[in-house]
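As provided, upload.cif (mmCIF, C-alpha atoms) reads as follows.
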```cif
data_query
#
loop_
_atom_site.label_atom_id
_atom_site.label_comp_id
_atom_site.auth_asym_id
_atom_site.auth_seq_id
_atom_site.Cartn_x
_atom_site.Cartn_y
_atom_site.Cartn_z
CA LEU A 1 0.00 0.00 0.00
CA PHE A 2 2.86 2.39 0.80
CA GLN A 3 5.98 0.64 -0.52
CA ALA A 4 5.90 2.10 -4.04
CA ASP A 5 5.31 5.58 -2.62
CA ARG A 6 8.30 5.16 -0.32
CA GLU A 7 10.56 3.96 -3.12
CA ASP A 8 9.80 6.83 -5.50
CA GLY A 9 9.82 9.49 -2.76
CA SER A 10 6.18 10.50 -3.03
CA LEU A 11 5.51 9.33 0.53
CA ASP A 12 7.90 12.02 1.77
CA LEU A 13 6.01 14.60 -0.28
CA LEU A 14 2.66 13.35 1.04
CA ALA A 15 3.98 13.72 4.59
CA LEU A 16 5.01 17.32 3.85
CA LEU A 17 1.56 18.34 2.58
CA PRO A 18 -0.44 20.77 4.70
CA LEU A 19 -3.07 18.02 5.00
CA PRO A 20 -2.88 15.75 8.03
CA LEU A 21 -1.17 12.45 7.25
CA GLU A 22 -4.21 10.68 8.71
CA LEU A 23 -6.37 12.11 5.93
CA VAL A 24 -3.88 10.91 3.31
CA VAL A 25 -3.99 7.45 4.90
CA VAL A 26 -7.80 7.39 4.78
CA ALA A 27 -7.72 8.39 1.10
CA LYS A 28 -5.20 5.68 0.22
CA VAL A 29 -7.06 2.99 2.17
CA LEU A 30 -10.37 4.06 0.61
CA ALA A 31 -8.83 3.85 -2.86
CA HIS A 32 -7.45 0.41 -1.99
CA TRP A 33 -10.88 -0.74 -0.78
CA LEU A 34 -12.61 0.61 -3.89
CA VAL A 35 -10.25 -1.40 -6.09
CA THR A 36 -10.18 -4.63 -4.05
CA GLY A 37 -13.07 -4.80 -1.58
CA LEU A 38 -15.97 -3.29 -3.49
CA PRO A 39 -15.65 -5.63 -6.49
CA LEU A 40 -15.62 -8.54 -4.06
CA VAL A 41 -18.79 -7.26 -2.41
CA LEU A 42 -20.47 -6.97 -5.81
CA VAL A 43 -19.34 -10.33 -7.21
CA ALA A 44 -19.74 -12.51 -4.09
CA PRO A 45 -23.55 -12.88 -4.26
CA LEU A 46 -23.26 -14.02 -7.89
CA LEU A 47 -20.61 -16.53 -6.91
CA GLY A 48 -22.85 -17.64 -4.05
CA LEU A 49 -25.62 -18.35 -6.55
CA LEU A 50 -23.21 -20.40 -8.65
CA LEU A 51 -22.26 -22.40 -5.57
CA ASP A 52 -25.95 -22.98 -4.70
CA MET A 53 -25.83 -20.98 -1.48
CA PRO A 54 -29.20 -20.78 0.32
CA ALA A 55 -31.16 -17.58 -0.31
CA PRO A 56 -31.10 -16.36 3.32
CA ALA A 57 -27.33 -16.78 3.39
CA LEU A 58 -27.04 -14.71 0.22
CA GLY A 59 -28.95 -11.94 1.99
CA ALA A 60 -26.37 -11.87 4.79
CA LEU A 61 -23.32 -12.27 2.55
CA ALA A 62 -23.32 -8.79 1.01
CA PRO A 63 -23.76 -6.89 4.31
CA ALA A 64 -21.11 -9.05 5.98
CA LEU A 65 -18.66 -8.28 3.19
CA LEU A 66 -19.66 -4.63 3.08
CA LEU A 67 -18.86 -4.29 6.79
CA GLY A 68 -15.84 -6.59 6.87
CA THR A 69 -13.76 -5.66 3.85
CA PRO A 70 -13.14 -2.03 4.90
CA VAL A 71 -11.91 -3.30 8.27
CA LEU A 72 -9.52 -5.65 6.50
CA SER A 73 -8.22 -2.78 4.35
CA LEU A 74 -7.73 -0.53 7.38
CA ILE A 75 -5.89 -3.25 9.32
CA GLY A 76 -3.82 -4.02 6.23
CA GLY A 77 -2.86 -0.35 6.07
CA ILE A 78 -1.54 -0.54 9.62
CA GLY A 79 0.45 -3.66 8.76
CA ALA A 80 1.81 -2.12 5.58
CA ALA A 81 2.94 0.98 7.46
CA LEU A 82 4.51 -1.01 10.30
CA THR A 83 6.53 -3.20 7.93
CA LEU A 84 7.48 -0.40 5.55
CA GLY A 85 11.18 -0.34 6.26
CA ALA A 86 11.63 -4.01 7.13
CA ARG A 87 13.85 -6.29 5.08
CA ARG A 88 11.49 -9.27 5.10
CA ALA A 89 8.22 -7.35 5.08
CA GLY A 90 6.47 -10.07 3.09
CA ALA A 91 7.05 -12.57 5.89
CA LEU A 92 6.51 -10.12 8.74
CA MET A 93 3.24 -8.55 7.61
CA PRO A 94 1.08 -11.71 7.90
CA LEU A 95 2.35 -12.17 11.45
CA VAL A 96 1.26 -8.64 12.29
CA VAL A 97 -2.17 -8.55 10.63
CA LEU A 98 -3.52 -12.12 10.77
CA PRO A 99 -4.37 -12.02 14.50
CA LEU A 100 -6.31 -8.81 13.87
CA TYR A 101 -8.12 -10.27 10.85
CA VAL A 102 -9.48 -13.28 12.75
CA PRO A 103 -12.38 -11.56 14.62
CA VAL A 104 -13.59 -9.87 11.43
CA LEU A 105 -13.56 -13.16 9.56
CA ILE A 106 -15.23 -15.08 12.39
CA PHE A 107 -18.12 -12.61 12.70
CA GLY A 108 -18.60 -12.47 8.93
CA VAL A 109 -18.74 -16.24 8.58
CA ALA A 110 -20.97 -16.50 11.65
CA ALA A 111 -23.44 -14.02 10.14
CA VAL A 112 -23.71 -15.97 6.90
CA GLU A 113 -23.94 -19.30 8.72
CA ALA A 114 -26.61 -17.97 11.09
CA ALA A 115 -28.68 -16.74 8.14
CA ALA A 116 -28.26 -20.07 6.37
CA THR A 117 -29.57 -21.99 9.40
CA GLY A 118 -32.53 -19.67 9.98
CA MET A 119 -31.06 -17.79 12.92
CA PRO A 120 -30.79 -13.99 12.98
CA ALA A 121 -27.60 -12.62 11.47
CA ALA A 122 -28.05 -9.17 13.01
CA PRO A 123 -25.95 -9.73 16.16
CA HIS A 124 -22.94 -10.78 14.11
CA LEU A 125 -23.42 -7.91 11.67
CA LEU A 126 -23.69 -5.45 14.56
CA LEU A 127 -20.41 -6.74 15.97
CA GLN A 128 -18.83 -6.32 12.55
CA GLY A 129 -20.21 -2.79 12.42
CA GLY A 130 -18.61 -2.11 15.80
CA LEU A 131 -15.30 -3.41 14.49
CA LEU A 132 -15.65 -1.12 11.47
CA LEU A 133 -16.34 1.93 13.63
CA GLY A 134 -13.40 1.08 15.87
CA ALA A 135 -11.12 0.59 12.89
CA LEU A 136 -12.28 3.87 11.32
CA ALA A 137 -11.55 5.67 14.57
CA LEU A 138 -8.16 4.13 15.35
CA ALA A 139 -6.52 2.79 12.19
CA PRO A 140 -5.76 6.09 10.42
CA TRP A 141 -3.90 7.43 13.46
CA ALA A 142 -2.00 4.18 14.01
CA THR A 143 -1.07 4.00 10.32
CA ALA A 144 0.02 7.64 10.22
CA ALA A 145 2.15 7.16 13.34
CA ALA A 146 3.81 4.10 11.80
CA LEU A 147 4.43 6.03 8.59
CA ARG A 148 6.01 8.91 10.49
CA GLN A 149 8.24 6.41 12.29
CA ALA A 150 9.24 4.80 8.99
CA LEU A 151 10.05 8.17 7.42
CA ASP A 152 12.38 9.20 10.26
#
```

Just give me the structure as structure tokens.
Amino acid sequence: LFQADREDGSLDLLALLPLPLELVVVAKVLAHWLVTGLPLVLVAPLLGLLLDMPAPALGALAPALLLGTPVLSLIGGIGAALTLGARRAGALMPLVVLPLYVPVLIFGVAAVEAAATGMPAAPHLLLQGGLLLGALALAPWATAAALRQALD
């Protein structure tokens, strides 16, 4: 997410802008989600139909992905910023972000499974919404702090 910007020097220029670095982080993570997460949200119900997923589960799949994928992008931004200067960033990043991905994935799968078995999916989706709000509140500042540390 930030490696190419660091290599060509544009990350230094982004840090020198009069805009807060947190706002730049939100813009980059939003662009990343629009390219990776949104297409997944749009295509997943069609793939669910191809895999003969029950109709109630299809109804919970899109909201679960719509709430979960931005959280994954925000957490990935933190991991990318933390491993920015590391030599083996490709091996280090999964160790940093996978423990943080697990709750998001568990609640998303639980929502779809609950809908498929006739149970309400709302509690799981509400927990995912809470994770999204927490990530929106904390991840930009954590990512910006890690970027500032990497630039020093």

Exercise. Name the residues that the PyMOL selection byres ((chain A and resi 16-32) around 9) picks from the file above, as a PyMOL selection string, using the file's chain letters and numbers.
Key: chain A and resi 1-2+11-15+33-37+70+73-74+76-77+136+139-145+147-148

Quiz item: Do you know which residues are at most 9 Å from Leu40 in chain A counting all atoms listed in the file, after dropping those on the same chain fewer than 4 positions away, and could you put them as a PyMOL selection string?
Solution: chain A and resi 36+44+65+69

Written selection (C-alpha atoms) as a CSV table (one decimal), in the frame of the given file:
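again.csv written:
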```
chain,number,residue,atom,x,y,z
A,36,THR,CA,-10.2,-4.6,-4.0
A,44,ALA,CA,-19.7,-12.5,-4.1
A,65,LEU,CA,-18.7,-8.3,3.2
A,69,THR,CA,-13.8,-5.7,3.8
```

Practice problem: May I ask for the distance between CA of Ala115 in chain A and CA of Leu61 in chain A, given in Å to one decimal place? | Solution: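 Rounded to one decimal, the two atoms are 8.9 Å apart.
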
Quiz item: Leaving out Ala64 in chain A and any residue of its chain fewer than 4 positions from it, which residues lie within 9 Å of it when counting all atoms listed in the file, given as a PyMOL selection string?
Solution: chain A and resi 41+60+68-69+107-109+111-112+124-125+128

Using the file's own x, y and z axes, so that the box edges lie along x, y and z, what centre and edge lengths in Å (one decimal) does a box around every listed atom of range 16-25 of chain A get when 4 Å is added on each side? Give it as lines of an AutoDock Vina configuration file.
```
center_x = -0.7
center_y = 14.1
center_z = 5.6
size_x = 19.4
size_y = 21.3
size_z = 14.1
```

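Interatomic distance, CA of Val96 in chain A to CA of Gln149 in chain A: 16.6 Å.
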
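Computed from the coordinates, the CA of Ala116 in chain A to CA of Ala57 in chain A distance equals 4.5 Å.
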
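Applied to the shown file, the PyMOL selection byres ((chain A and resi 101) around 10) selects the residues Gly68, Val71, Leu72, Ser73, Ile75, Gly76, Pro94, Val96, Val97, Leu98, Pro99, Leu100, Val102, Pro103, Val104, Leu105 and Ile106 of chain A.
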
Those same residues - C-alpha atoms - I'd like them written as a CSV table (one decimal), in the frame of the given file.
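Saved to result-v7.csv:
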```csv
chain,number,residue,atom,x,y,z
A,68,GLY,CA,-15.8,-6.6,6.9
A,71,VAL,CA,-11.9,-3.3,8.3
A,72,LEU,CA,-9.5,-5.6,6.5
A,73,SER,CA,-8.2,-2.8,4.4
A,75,ILE,CA,-5.9,-3.2,9.3
A,76,GLY,CA,-3.8,-4.0,6.2
A,94,PRO,CA,1.1,-11.7,7.9
A,96,VAL,CA,1.3,-8.6,12.3
A,97,VAL,CA,-2.2,-8.6,10.6
A,98,LEU,CA,-3.5,-12.1,10.8
A,99,PRO,CA,-4.4,-12.0,14.5
A,100,LEU,CA,-6.3,-8.8,13.9
A,102,VAL,CA,-9.5,-13.3,12.8
A,103,PRO,CA,-12.4,-11.6,14.6
A,104,VAL,CA,-13.6,-9.9,11.4
A,105,LEU,CA,-13.6,-13.2,9.6
A,106,ILE,CA,-15.2,-15.1,12.4
```

Practice problem: Could you list the residues chosen by the PyMOL selection byres ((chain A and resi 82) around 8) in this structure as JSON, numbers by chain? | Solution: {"A": [78, 79, 80, 81, 83, 84, 85, 143, 146, 147, 150]}

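Using all atoms listed in the file, the nearest neighbour of Leu133 in chain A within the list A:Ala55, A:Leu50, A:Leu67, A:Leu151 is A:Leu67.
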
Quiz prompt | Using only C-alpha atoms: which of A:Val43, A:Leu132, A:Met93, A:Leu58 has the shortest distance to Thr117 in chain A | solution =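 That would be A:Leu58, the residue with the smallest distance to Thr117 in chain A.
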
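If only C-alpha atoms are the atoms counted, then among A:Glu113, A:Ala91, A:Pro54, A:Pro63 the closest residue to Leu42 in chain A is A:Pro63.
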
Quiz prompt | Minimum-distance residue to Gly59 in chain A, chosen among A:Ala122, A:Pro39, A:Leu95, A:Gly9 (using all atoms listed in the file) | solution = A:Ala122

Produce range 4-75 of chain A of the given structure as output with C-alpha atoms, as a CSV table (one decimal), in the first residue's frame.
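Result file follows (part.csv):
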```csv
chain,number,residue,atom,x,y,z
A,4,ALA,CA,5.9,2.1,-4.0
A,5,ASP,CA,5.3,5.6,-2.6
A,6,ARG,CA,8.3,5.2,-0.3
A,7,GLU,CA,10.6,4.0,-3.1
A,8,ASP,CA,9.8,6.8,-5.5
A,9,GLY,CA,9.8,9.5,-2.8
A,10,SER,CA,6.2,10.5,-3.0
A,11,LEU,CA,5.5,9.3,0.5
A,12,ASP,CA,7.9,12.0,1.8
A,13,LEU,CA,6.0,14.6,-0.3
A,14,LEU,CA,2.7,13.4,1.0
A,15,ALA,CA,4.0,13.7,4.6
A,16,LEU,CA,5.0,17.3,3.8
A,17,LEU,CA,1.6,18.3,2.6
A,18,PRO,CA,-0.4,20.8,4.7
A,19,LEU,CA,-3.1,18.0,5.0
A,20,PRO,CA,-2.9,15.8,8.0
A,21,LEU,CA,-1.2,12.5,7.3
A,22,GLU,CA,-4.2,10.7,8.7
A,23,LEU,CA,-6.4,12.1,5.9
A,24,VAL,CA,-3.9,10.9,3.3
A,25,VAL,CA,-4.0,7.4,4.9
A,26,VAL,CA,-7.8,7.4,4.8
A,27,ALA,CA,-7.7,8.4,1.1
A,28,LYS,CA,-5.2,5.7,0.2
A,29,VAL,CA,-7.1,3.0,2.2
A,30,LEU,CA,-10.4,4.1,0.6
A,31,ALA,CA,-8.8,3.8,-2.9
A,32,HIS,CA,-7.5,0.4,-2.0
A,33,TRP,CA,-10.9,-0.7,-0.8
A,34,LEU,CA,-12.6,0.6,-3.9
A,35,VAL,CA,-10.3,-1.4,-6.1
A,36,THR,CA,-10.2,-4.6,-4.1
A,37,GLY,CA,-13.1,-4.8,-1.6
A,38,LEU,CA,-16.0,-3.3,-3.5
A,39,PRO,CA,-15.6,-5.6,-6.5
A,40,LEU,CA,-15.6,-8.5,-4.1
A,41,VAL,CA,-18.8,-7.3,-2.4
A,42,LEU,CA,-20.5,-7.0,-5.8
A,43,VAL,CA,-19.3,-10.3,-7.2
A,44,ALA,CA,-19.7,-12.5,-4.1
A,45,PRO,CA,-23.5,-12.9,-4.3
A,46,LEU,CA,-23.3,-14.0,-7.9
A,47,LEU,CA,-20.6,-16.5,-6.9
A,48,GLY,CA,-22.9,-17.6,-4.0
A,49,LEU,CA,-25.6,-18.4,-6.6
A,50,LEU,CA,-23.2,-20.4,-8.6
A,51,LEU,CA,-22.3,-22.4,-5.6
A,52,ASP,CA,-25.9,-23.0,-4.7
A,53,MET,CA,-25.8,-21.0,-1.5
A,54,PRO,CA,-29.2,-20.8,0.3
A,55,ALA,CA,-31.2,-17.6,-0.3
A,56,PRO,CA,-31.1,-16.4,3.3
A,57,ALA,CA,-27.3,-16.8,3.4
A,58,LEU,CA,-27.0,-14.7,0.2
A,59,GLY,CA,-28.9,-11.9,2.0
A,60,ALA,CA,-26.4,-11.9,4.8
A,61,LEU,CA,-23.3,-12.3,2.6
A,62,ALA,CA,-23.3,-8.8,1.0
A,63,PRO,CA,-23.8,-6.9,4.3
A,64,ALA,CA,-21.1,-9.0,6.0
A,65,LEU,CA,-18.7,-8.3,3.2
A,66,LEU,CA,-19.7,-4.6,3.1
A,67,LEU,CA,-18.9,-4.3,6.8
A,68,GLY,CA,-15.8,-6.6,6.9
A,69,THR,CA,-13.8,-5.7,3.8
A,70,PRO,CA,-13.1,-2.0,4.9
A,71,VAL,CA,-11.9,-3.3,8.3
A,72,LEU,CA,-9.5,-5.6,6.5
A,73,SER,CA,-8.2,-2.8,4.4
A,74,LEU,CA,-7.7,-0.5,7.4
A,75,ILE,CA,-5.9,-3.2,9.3
```
